[in-house]
Amino acid sequence: MALNTVPRKVGILGYGRLGQSLVSHLLTQGPELGLELVFVWNRDPGRMAGSVPPTLQLQNLAALGERHPDLVVEVAHPKIIHESGAEILRYANLLVGSPSALADQATERQLLEASHCWGHAVFVARGALWGTEDIARLDEAGGLQSLRVTMATHPDGFRLEGPLATAHSTGPRTVLYEGPVRGLCPLAPRNSNTMAAAALAAPSLGFDRVIGVLVADFSLKDMHVVDVELSGPPGPKGRSFAVHTHRENPSEPGAVTGSATITTFWRSLLGCCHLPSKPGIHLC
């Protein structure tokens with residue numbers, strides 16, 4: 001069943017493993033769902049050669065408005081959101097696949113201002129975050145006191161920057177970072193998106209009070225493991241509500257994105273196409 005009687009035009013920014021999967025889905029399933037792929041852009045255009053039809057290749061990011069997209073999907077790098085997110089909102093709704101970009105307060109402010117100025121929505125994909133709606137509901141009800149997200153995988157699956165880029169594992173399992181998510185995102189922009197999504201789902205805690213833990217584990221050669229631990233305030237008898245989820249996501253060796261997350265992202269894309277273009281930042 002089509003999402004709309006008029007095809008919704010979608011553009012993709014990024015042609016890595018996740019971008020390739022989305023492009024394939026849009027080309028094969030998009031027409032019957034009422035979705036039309038109108039462009040694909042990649043920082044290295046050569047990567048699209050031979051697999052993306054030339055008419056769909058966008059060479060200049062600044063020219064995306066000429067394709068008249070309804071939704072632009074970013075699955076490239078947080079830098080794209082930092083540098084171009086606000087401008088993209090002039091033309092279309094934006095689905096952010098790199099929510100770690102929003103740990104930068106200036107970027108978050110610019111996106112919100114552009115969203116309200118142009119009447120377009122900023123959607124944020126939940127990615128590997130399990131229980132997003134439950135976290136958001138608990139936070140909205142004032143029942144969330146702490147939230148901690150631990151992401152563990154083989155060191156080859158990390159793309160680290162700054163001081164973490166030179167960090168070395170001291171054993172079979174090493175904690176590389178433990179602290180506020182805001183401090184981790186600039187150091188691991190491609191490995192902290194689940195934690196950033198958690199910070200957005202729990203605005204009462206936000207990037208400064210949601211705790212992120214990044215773990216290098218040599219035993220996890222083909223898997224990403226995400227643990228989410230949350231608790232509420234103590235009740236009358238001193239006991240607190242608590243939840244701990246443990247998610248094992250198969251992945252290709254050295255891959256940044258797990259296999260199940262790719263499926264989840266496609267569902268997020270379809271989900272935000274059902275939602276109205278309401279200004280603001282919305283998880284989907």
# chains A, B, ... in the order shown; residues from 1 in each chain; ligands from 1

call {"tool": "select_by_dssp", "arguments": {"residues": "region 201-239 of chain A", "states": "helix (DSSP H, G or I)", "output": "VMD selection string"}}
result
chain A and resid 201 206 to 209

call {"tool": "write_last_selection", "arguments": {"atoms": "C-alpha atoms", "output": "PDB file, in the first residue's frame"}}
result
ATOM      1  CA  ALA A 201      14.705  10.199  24.189  1.00  0.00           C
ATOM      2  CA  GLY A 206      19.976  14.943  28.031  1.00  0.00           C
ATOM      3  CA  PHE A 207      23.492  14.662  26.697  1.00  0.00           C
ATOM      4  CA  ASP A 208      25.048  15.810  29.979  1.00  0.00           C
ATOM      5  CA  ARG A 209      23.396  13.314  32.324  1.00  0.00           C
TER       6      ARG A 209
END

call {"tool": "residues_around", "arguments": {"residues": "region 8-18 of chain A", "least_positions_apart": "3", "cutoff": "6 Å", "atoms": "only C-alpha atoms", "output": "ChimeraX atom specification"}}
result
/A:21,35-42,69-76

call {"tool": "residues_around", "arguments": {"residues": "region 86-103 of chain A", "least_positions_apart": "4", "cutoff": "8 Å", "atoms": "only C-alpha atoms", "output": "VMD selection string"}}
result
chain A and resid 65 68 to 79 81 to 82 107 to 108 110 to 111 114 to 115 118 120 to 125 127 181 to 182 185 to 186 189 to 190 192 to 193 195 to 197 207 269 272 277

call {"tool": "write_last_selection", "arguments": {"atoms": "N, CA and C atoms", "output": "tab-separated table (two decimals), in the first residue's frame"}}
result
chain	number	residue	atom	x	y	z
A	65	GLY	N	18.34	21.07	-3.60
A	65	GLY	CA	17.03	21.68	-3.72
A	65	GLY	C	16.45	21.56	-5.12
A	68	HIS	N	14.00	18.76	-5.60
A	68	HIS	CA	12.71	18.92	-4.90
A	68	HIS	C	12.37	17.75	-3.99
A	69	PRO	N	13.27	17.38	-3.06
A	69	PRO	CA	12.97	16.27	-2.17
A	69	PRO	C	11.94	16.65	-1.11
A	70	ASP	N	11.18	15.66	-0.65
A	70	ASP	CA	10.31	15.84	0.51
A	70	ASP	C	11.03	15.42	1.79
A	71	LEU	N	11.96	14.47	1.64
A	71	LEU	CA	12.72	13.95	2.78
A	71	LEU	C	14.15	13.72	2.34
A	72	VAL	N	15.09	14.23	3.13
A	72	VAL	CA	16.51	13.97	2.90
A	72	VAL	C	17.01	13.11	4.06
A	73	VAL	N	17.66	12.00	3.73
A	73	VAL	CA	18.11	11.03	4.73
A	73	VAL	C	19.63	11.09	4.81
A	74	GLU	N	20.14	11.42	5.99
A	74	GLU	CA	21.60	11.48	6.19
A	74	GLU	C	22.10	10.20	6.83
A	75	VAL	N	22.97	9.48	6.11
A	75	VAL	CA	23.63	8.29	6.65
A	75	VAL	C	25.11	8.35	6.26
A	76	ALA	N	25.68	9.54	6.38
A	76	ALA	CA	27.05	9.76	5.93
A	76	ALA	C	28.00	9.93	7.12
A	77	HIS	N	27.88	11.06	7.82
A	77	HIS	CA	28.80	11.41	8.91
A	77	HIS	C	28.22	12.61	9.63
A	78	PRO	N	28.44	12.72	10.94
A	78	PRO	CA	27.92	13.88	11.67
A	78	PRO	C	28.32	15.22	11.07
A	79	LYS	N	29.46	15.28	10.41
A	79	LYS	CA	29.91	16.54	9.81
A	79	LYS	C	28.89	17.09	8.82
A	81	ILE	N	25.67	16.92	9.06
A	81	ILE	CA	24.64	17.60	9.85
A	81	ILE	C	25.18	18.92	10.38
A	82	HIS	N	26.42	18.91	10.88
A	82	HIS	CA	27.03	20.14	11.38
A	82	HIS	C	27.06	21.22	10.29
A	107	THR	N	24.91	23.14	16.87
A	107	THR	CA	24.25	22.41	15.78
A	107	THR	C	22.78	22.15	16.11
A	108	GLU	N	22.51	21.72	17.34
A	108	GLU	CA	21.13	21.46	17.74
A	108	GLU	C	20.30	22.74	17.65
A	110	GLN	N	20.86	25.39	15.73
A	110	GLN	CA	20.69	25.77	14.33
A	110	GLN	C	19.60	24.92	13.66
A	111	LEU	N	19.58	23.63	13.96
A	111	LEU	CA	18.56	22.76	13.38
A	111	LEU	C	17.16	23.16	13.85
A	114	ALA	N	16.15	26.44	12.11
A	114	ALA	CA	15.82	26.22	10.70
A	114	ALA	C	14.51	25.45	10.56
A	115	SER	N	14.30	24.48	11.44
A	115	SER	CA	13.07	23.69	11.41
A	115	SER	C	11.85	24.58	11.58
A	118	TRP	N	11.40	27.12	8.45
A	118	TRP	CA	10.95	26.60	7.17
A	118	TRP	C	9.79	25.61	7.29
A	120	HIS	N	9.83	22.55	8.48
A	120	HIS	CA	10.19	21.17	8.20
A	120	HIS	C	10.65	20.48	9.49
A	121	ALA	N	10.48	19.16	9.52
A	121	ALA	CA	10.78	18.38	10.72
A	121	ALA	C	12.19	17.81	10.67
A	122	VAL	N	12.78	17.67	11.86
A	122	VAL	CA	14.03	16.93	12.04
A	122	VAL	C	13.66	15.60	12.68
A	123	PHE	N	13.79	14.53	11.94
A	123	PHE	CA	13.57	13.20	12.49
A	123	PHE	C	14.92	12.58	12.85
A	124	VAL	N	14.95	11.83	13.92
A	124	VAL	CA	16.18	11.17	14.36
A	124	VAL	C	15.91	9.67	14.44
A	125	ALA	N	16.69	8.89	13.71
A	125	ALA	CA	16.51	7.44	13.72
A	125	ALA	C	16.98	6.87	15.05
A	127	GLY	N	17.97	3.87	15.58
A	127	GLY	CA	19.11	2.98	15.38
A	127	GLY	C	19.05	1.75	16.26
A	181	VAL	N	27.40	11.49	27.70
A	181	VAL	CA	27.36	11.22	26.27
A	181	VAL	C	27.87	12.42	25.47
A	182	ARG	N	27.64	13.63	25.99
A	182	ARG	CA	28.10	14.81	25.25
A	182	ARG	C	29.61	14.80	25.04
A	185	CYS	N	30.54	11.89	22.15
A	185	CYS	CA	30.15	12.03	20.74
A	185	CYS	C	31.23	12.62	19.83
A	186	PRO	N	31.95	13.68	20.24
A	186	PRO	CA	33.00	14.20	19.34
A	186	PRO	C	34.18	13.24	19.17
A	189	PRO	N	32.24	9.77	16.91
A	189	PRO	CA	31.01	10.25	16.25
A	189	PRO	C	30.22	9.18	15.54
A	190	ARG	N	30.87	8.09	15.13
A	190	ARG	CA	30.16	7.04	14.41
A	190	ARG	C	29.83	5.84	15.30
A	192	SER	N	28.70	6.39	18.66
A	192	SER	CA	27.96	6.88	19.83
A	192	SER	C	26.51	7.24	19.48
A	193	ASN	N	26.06	6.84	18.29
A	193	ASN	CA	24.72	7.26	17.86
A	193	ASN	C	23.61	6.66	18.72
A	195	MET	N	23.80	6.03	21.88
A	195	MET	CA	23.81	6.81	23.12
A	195	MET	C	23.19	8.19	22.90
A	196	ALA	N	23.48	8.79	21.74
A	196	ALA	CA	22.89	10.09	21.43
A	196	ALA	C	21.37	9.98	21.31
A	197	ALA	N	20.89	8.89	20.71
A	197	ALA	CA	19.45	8.68	20.61
A	197	ALA	C	18.83	8.56	22.00
A	207	PHE	N	22.14	15.09	27.02
A	207	PHE	CA	23.49	14.66	26.70
A	207	PHE	C	24.45	14.77	27.89
A	269	LEU	N	12.75	5.15	8.30
A	269	LEU	CA	12.48	5.95	7.09
A	269	LEU	C	11.00	5.87	6.72
A	272	CYS	N	8.80	7.85	9.39
A	272	CYS	CA	8.75	9.32	9.35
A	272	CYS	C	8.02	9.82	8.11
A	277	SER	N	4.85	17.01	8.79
A	277	SER	CA	6.04	17.86	8.79
A	277	SER	C	5.91	18.88	9.90

call {"tool": "closest_residue", "arguments": {"among": "A:Gly171, A:Gly143, A:Gly50, A:Gly280", "to": "Gly235 (chain A)", "atoms": "only C-alpha atoms"}}
result
A:Gly143

call {"tool": "residues_around", "arguments": {"residues": "Leu214 (chain A)", "least_positions_apart": "2", "cutoff": "10 Å", "atoms": "only C-alpha atoms", "output": "short mmCIF file (atom, residue, chain, number, x, y, z; two decimals) with N, CA, C and O atoms, in the first residue's frame"}}
result
data_model
loop_
_atom_site.label_atom_id
_atom_site.label_comp_id
_atom_site.auth_asym_id
_atom_site.auth_seq_id
_atom_site.Cartn_x
_atom_site.Cartn_y
_atom_site.Cartn_z
N VAL A 149 24.07 3.78 28.87
CA VAL A 149 24.13 2.97 27.66
C VAL A 149 25.57 2.52 27.43
O VAL A 149 26.48 3.34 27.34
N THR A 150 25.75 1.20 27.37
CA THR A 150 27.08 0.63 27.13
C THR A 150 27.10 -0.02 25.76
O THR A 150 26.23 -0.84 25.44
N MET A 151 28.08 0.34 24.94
CA MET A 151 28.24 -0.26 23.62
C MET A 151 29.59 -0.95 23.58
O MET A 151 30.62 -0.33 23.82
N ALA A 152 29.57 -2.25 23.27
CA ALA A 152 30.81 -3.03 23.22
C ALA A 152 30.93 -3.73 21.87
O ALA A 152 29.95 -4.27 21.35
N THR A 153 32.12 -3.71 21.31
CA THR A 153 32.39 -4.46 20.09
C THR A 153 33.90 -4.62 19.95
O THR A 153 34.68 -4.12 20.76
N PHE A 158 35.50 0.28 15.66
CA PHE A 158 35.47 1.66 16.13
C PHE A 158 36.10 2.60 15.11
O PHE A 158 37.07 2.24 14.43
N THR A 174 38.35 -3.74 27.40
CA THR A 174 38.84 -2.47 27.92
C THR A 174 37.77 -1.40 27.80
O THR A 174 37.18 -1.21 26.72
N VAL A 175 37.51 -0.69 28.88
CA VAL A 175 36.60 0.45 28.85
C VAL A 175 37.37 1.66 28.32
O VAL A 175 38.30 2.15 28.96
N LEU A 176 37.00 2.13 27.14
CA LEU A 176 37.69 3.26 26.51
C LEU A 176 37.16 4.60 27.00
O LEU A 176 37.89 5.59 27.04
N TYR A 177 35.87 4.62 27.35
CA TYR A 177 35.26 5.87 27.81
C TYR A 177 34.08 5.53 28.71
O TYR A 177 33.33 4.59 28.45
N GLU A 178 33.92 6.31 29.76
CA GLU A 178 32.75 6.22 30.63
C GLU A 178 32.47 7.60 31.18
O GLU A 178 33.29 8.18 31.90
N GLY A 179 31.34 8.18 30.80
CA GLY A 179 31.01 9.52 31.24
C GLY A 179 29.84 10.07 30.44
O GLY A 179 29.15 9.34 29.72
N LEU A 184 31.47 12.08 24.80
CA LEU A 184 31.89 10.96 23.94
C LEU A 184 31.63 11.23 22.47
O LEU A 184 32.44 10.82 21.62
N ALA A 188 33.91 9.77 19.33
CA ALA A 188 33.47 8.55 18.64
C ALA A 188 32.18 8.86 17.87
O ALA A 188 31.13 8.29 18.15
N ASN A 191 30.30 5.88 16.53
CA ASN A 191 30.05 4.76 17.46
C ASN A 191 29.23 5.17 18.67
O ASN A 191 29.09 4.40 19.62
N SER A 192 28.70 6.39 18.66
CA SER A 192 27.96 6.88 19.83
C SER A 192 26.51 7.24 19.48
O SER A 192 25.82 7.87 20.28
N MET A 195 23.80 6.03 21.88
CA MET A 195 23.81 6.81 23.12
C MET A 195 23.19 8.19 22.90
O MET A 195 22.47 8.70 23.75
N GLY A 212 27.38 7.38 28.84
CA GLY A 212 27.78 6.48 27.77
C GLY A 212 29.05 5.74 28.14
O GLY A 212 29.96 6.32 28.74
N ALA A 216 35.95 -1.82 24.26
CA ALA A 216 36.62 -2.62 23.24
C ALA A 216 36.73 -4.05 23.76
O ALA A 216 37.31 -4.28 24.83
N ASP A 217 36.14 -4.99 23.02
CA ASP A 217 36.10 -6.38 23.46
C ASP A 217 36.55 -7.28 22.31
O ASP A 217 35.85 -7.42 21.31
N VAL A 226 24.78 -3.93 23.00
CA VAL A 226 24.32 -2.68 23.62
C VAL A 226 23.51 -3.02 24.87
O VAL A 226 22.52 -3.75 24.79
#

call {"tool": "closest_residue", "arguments": {"among": "A:Gln59, A:Pro172, A:Leu220, A:His282", "to": "Glu133 (chain A)", "atoms": "only C-alpha atoms"}}
result
A:His282

call {"tool": "closest_residue", "arguments": {"among": "A:Thr194, A:Ile135, A:Gly232, A:Ala128", "to": "Pro250 (chain A)", "atoms": "only C-alpha atoms"}}
result
A:Ala128

call {"tool": "decode", "arguments": {"residues": "region 148-195 of chain A", "atoms": "N, CA and C atoms", "output": "short mmCIF file (atom, residue, chain, number, x, y, z; two decimals), in the first residue's frame"}}
result
data_model
loop_
_atom_site.label_atom_id
_atom_site.label_comp_id
_atom_site.auth_asym_id
_atom_site.auth_seq_id
_atom_site.Cartn_x
_atom_site.Cartn_y
_atom_site.Cartn_z
N ARG A 148 21.94 4.76 31.44
CA ARG A 148 23.32 4.40 31.10
C ARG A 148 23.29 3.46 29.90
N VAL A 149 24.07 3.78 28.87
CA VAL A 149 24.13 2.97 27.66
C VAL A 149 25.57 2.52 27.43
N THR A 150 25.75 1.20 27.37
CA THR A 150 27.08 0.63 27.13
C THR A 150 27.10 -0.02 25.76
N MET A 151 28.08 0.34 24.94
CA MET A 151 28.24 -0.26 23.62
C MET A 151 29.59 -0.95 23.58
N ALA A 152 29.57 -2.25 23.27
CA ALA A 152 30.81 -3.03 23.22
C ALA A 152 30.93 -3.73 21.87
N THR A 153 32.12 -3.71 21.31
CA THR A 153 32.39 -4.46 20.09
C THR A 153 33.90 -4.62 19.95
N HIS A 154 34.31 -5.31 18.90
CA HIS A 154 35.74 -5.49 18.62
C HIS A 154 36.36 -4.14 18.26
N PRO A 155 37.60 -3.90 18.65
CA PRO A 155 38.23 -2.60 18.33
C PRO A 155 38.21 -2.23 16.86
N ASP A 156 38.17 -3.23 15.96
CA ASP A 156 38.14 -2.93 14.53
C ASP A 156 36.84 -2.25 14.12
N GLY A 157 35.80 -2.32 14.96
CA GLY A 157 34.53 -1.71 14.64
C GLY A 157 34.43 -0.26 15.07
N PHE A 158 35.50 0.28 15.66
CA PHE A 158 35.47 1.66 16.13
C PHE A 158 36.10 2.60 15.11
N ARG A 159 35.56 3.81 15.03
CA ARG A 159 36.14 4.89 14.23
C ARG A 159 36.31 6.07 15.19
N LEU A 160 37.44 6.12 15.85
CA LEU A 160 37.65 7.04 16.96
C LEU A 160 38.49 8.24 16.55
N GLU A 161 38.27 9.34 17.25
CA GLU A 161 38.99 10.59 16.96
C GLU A 161 39.56 11.17 18.25
N GLY A 162 40.41 12.19 18.11
CA GLY A 162 40.98 12.86 19.28
C GLY A 162 41.76 11.90 20.16
N PRO A 163 41.72 12.08 21.48
CA PRO A 163 42.49 11.23 22.39
C PRO A 163 42.13 9.74 22.29
N LEU A 164 40.87 9.44 21.96
CA LEU A 164 40.48 8.03 21.87
C LEU A 164 41.12 7.32 20.68
N ALA A 165 41.51 8.09 19.67
CA ALA A 165 42.10 7.49 18.47
C ALA A 165 43.41 6.78 18.78
N THR A 166 44.08 7.21 19.83
CA THR A 166 45.36 6.60 20.20
C THR A 166 45.24 5.71 21.42
N ALA A 167 44.01 5.51 21.89
CA ALA A 167 43.82 4.65 23.07
C ALA A 167 44.08 3.20 22.69
N HIS A 168 44.73 2.48 23.59
CA HIS A 168 45.05 1.09 23.32
C HIS A 168 44.36 0.18 24.34
N SER A 169 43.88 -0.95 23.85
CA SER A 169 43.25 -1.91 24.75
C SER A 169 44.31 -2.50 25.66
N THR A 170 43.99 -2.59 26.94
CA THR A 170 44.94 -3.11 27.93
C THR A 170 44.69 -4.56 28.27
N GLY A 171 43.71 -5.16 27.63
CA GLY A 171 43.37 -6.55 27.89
C GLY A 171 42.29 -6.99 26.94
N PRO A 172 41.72 -8.17 27.17
CA PRO A 172 40.67 -8.66 26.27
C PRO A 172 39.42 -7.80 26.27
N ARG A 173 39.18 -7.04 27.35
CA ARG A 173 38.03 -6.15 27.42
C ARG A 173 38.46 -4.87 28.13
N THR A 174 38.35 -3.74 27.40
CA THR A 174 38.84 -2.47 27.92
C THR A 174 37.77 -1.40 27.80
N VAL A 175 37.51 -0.69 28.88
CA VAL A 175 36.60 0.45 28.85
C VAL A 175 37.37 1.66 28.32
N LEU A 176 37.00 2.13 27.14
CA LEU A 176 37.69 3.26 26.51
C LEU A 176 37.16 4.60 27.00
N TYR A 177 35.87 4.62 27.35
CA TYR A 177 35.26 5.87 27.81
C TYR A 177 34.08 5.53 28.71
N GLU A 178 33.92 6.31 29.76
CA GLU A 178 32.75 6.22 30.63
C GLU A 178 32.47 7.60 31.18
N GLY A 179 31.34 8.18 30.80
CA GLY A 179 31.01 9.52 31.24
C GLY A 179 29.84 10.07 30.44
N PRO A 180 29.57 11.37 30.55
CA PRO A 180 28.45 11.98 29.83
C PRO A 180 28.54 11.75 28.32
N VAL A 181 27.40 11.49 27.70
CA VAL A 181 27.36 11.22 26.27
C VAL A 181 27.87 12.42 25.47
N ARG A 182 27.64 13.63 25.99
CA ARG A 182 28.10 14.81 25.25
C ARG A 182 29.61 14.80 25.04
N GLY A 183 30.34 14.29 26.01
CA GLY A 183 31.80 14.24 25.88
C GLY A 183 32.27 13.14 24.95
N LEU A 184 31.47 12.08 24.80
CA LEU A 184 31.89 10.96 23.94
C LEU A 184 31.63 11.23 22.47
N CYS A 185 30.54 11.89 22.15
CA CYS A 185 30.15 12.03 20.74
C CYS A 185 31.23 12.62 19.83
N PRO A 186 31.95 13.68 20.24
CA PRO A 186 33.00 14.20 19.34
C PRO A 186 34.18 13.24 19.17
N LEU A 187 34.37 12.34 20.13
CA LEU A 187 35.51 11.42 20.10
C LEU A 187 35.18 10.13 19.35
N ALA A 188 33.91 9.77 19.33
CA ALA A 188 33.47 8.55 18.64
C ALA A 188 32.18 8.86 17.87
N PRO A 189 32.24 9.77 16.91
CA PRO A 189 31.01 10.25 16.25
C PRO A 189 30.22 9.18 15.54
N ARG A 190 30.87 8.09 15.13
CA ARG A 190 30.16 7.04 14.41
C ARG A 190 29.83 5.84 15.30
N ASN A 191 30.30 5.88 16.53
CA ASN A 191 30.05 4.76 17.46
C ASN A 191 29.23 5.17 18.67
N SER A 192 28.70 6.39 18.66
CA SER A 192 27.96 6.88 19.83
C SER A 192 26.51 7.24 19.48
N ASN A 193 26.06 6.84 18.29
CA ASN A 193 24.72 7.26 17.86
C ASN A 193 23.61 6.66 18.72
N THR A 194 23.79 5.43 19.18
CA THR A 194 22.78 4.82 20.06
C THR A 194 22.66 5.61 21.35
N MET A 195 23.80 6.03 21.88
CA MET A 195 23.81 6.81 23.12
C MET A 195 23.19 8.19 22.90
#
